[in-house]
Amino acid sequence: MMKNQIENDLRSWLSFMSNKYCWLRSRFEYSEARGRWLVSFSPVDRILLSDAFNNEAIAFADKMNDEYGNQAPLFTDEEQLFGLTANAESIAKELVFYTETVMKYSSLLSSISFYPSAQTVSKMNTKCDLSQSYNLYAVAA
Amino acid sequence: MKDKAVDNLASSQILLNNRHYTTSVHCSYYAVFEYMKYILANVSHNPISYEIQNLHSGESSHEYILDEIKNRISTSPRNLRNFCEGVRFLKSERVDADYKLRIFTESEGLSCKSKAEGLIANLKTYFGNI
């Protein structure tokens, strides 16, 4: 019963966080050996840059510990503290939304070009990041 | 309390040397817990005496100690999160070692001790070598 309740809480929060932080990927599964849900976040290089994400993650972990005590989920980045199996479920922002948004605004961008610097491009190593940048320029236009 | 924390780390190593990997986890975790209690009692700003700390009993006292330490750490949110996750992970290993049927391997026992040393090193970084 508590296992299902925690699962619901986790799914809801991880989905919310993935929508809010489009770069976030979460993997999670229930560990029978530990009797707990295990959650791993990635990528570390983006996590390091987001104080907002880390503050929200701290608050959620505190809430889980207050509610569930020794049953509370354990969290880590890129499986540093514990490993997950290949069966772990993954939650990440759906890229389809960004693709549709880019398509929607692309017709308005005929005379506006975005030339990111090499440094910026090297940091934007996901399609999501680049699409979001195009979005920002579309809104500005 | 600081001496107890140091003793617990030493005991953890002795247990590991004698292949008592599961029981070593208990000592590794309590080294960190006792060091956090020591810090809280001796920190310059807003210390909490052992008497007041001990008013909180049971498993919730561990979260209370961690909460109070967290409130006094000045570092990046990511470092703070890493520290809390490390303590809670080590605590969960200790619960498994003490109360469940789980048997720890050599690498798990060594990993727990290494994590304990890392967390204590973090505390020294955040609060100085009080």
# chains A, B, ... in the order shown; residues from 1 in each chain; ligands from 1
$ closest_atom_pairs --of "chain B" --to "chain A" --cutoff "6 Å" --atoms "only C-alpha atoms" --output "CSV"
residue,atom,partner,partner_atom,distance
B:Pro77,CA,A:Asn54,CA,5.5
B:Arg78,CA,A:Asn54,CA,5.4
B:Arg81,CA,A:Ile58,CA,5.8
$ residues_around --residues "Ala121 of chain B" --least-positions-apart "3" --cutoff "12 Å" --atoms "only C-alpha atoms" --output "number ranges by chain"
B: 31-32, 35-36, 83, 114-118, 124-130
$ select_by_dssp --residues "segment 21-125 of chain B" --states "helix (DSSP H, G or I)" --output "count of residues only"
82
$ residues_around --residues "Lys20 of chain A" --least-positions-apart "4" --cutoff "10 Å" --atoms "only C-alpha atoms" --output "ChimeraX atom specification"
/A:14-16,24,53,93
$ atom_distance --atom1 "atom CA of Tyr21 of chain B" --atom2 "atom CA of Ser107 of chain B"
8.5 Å
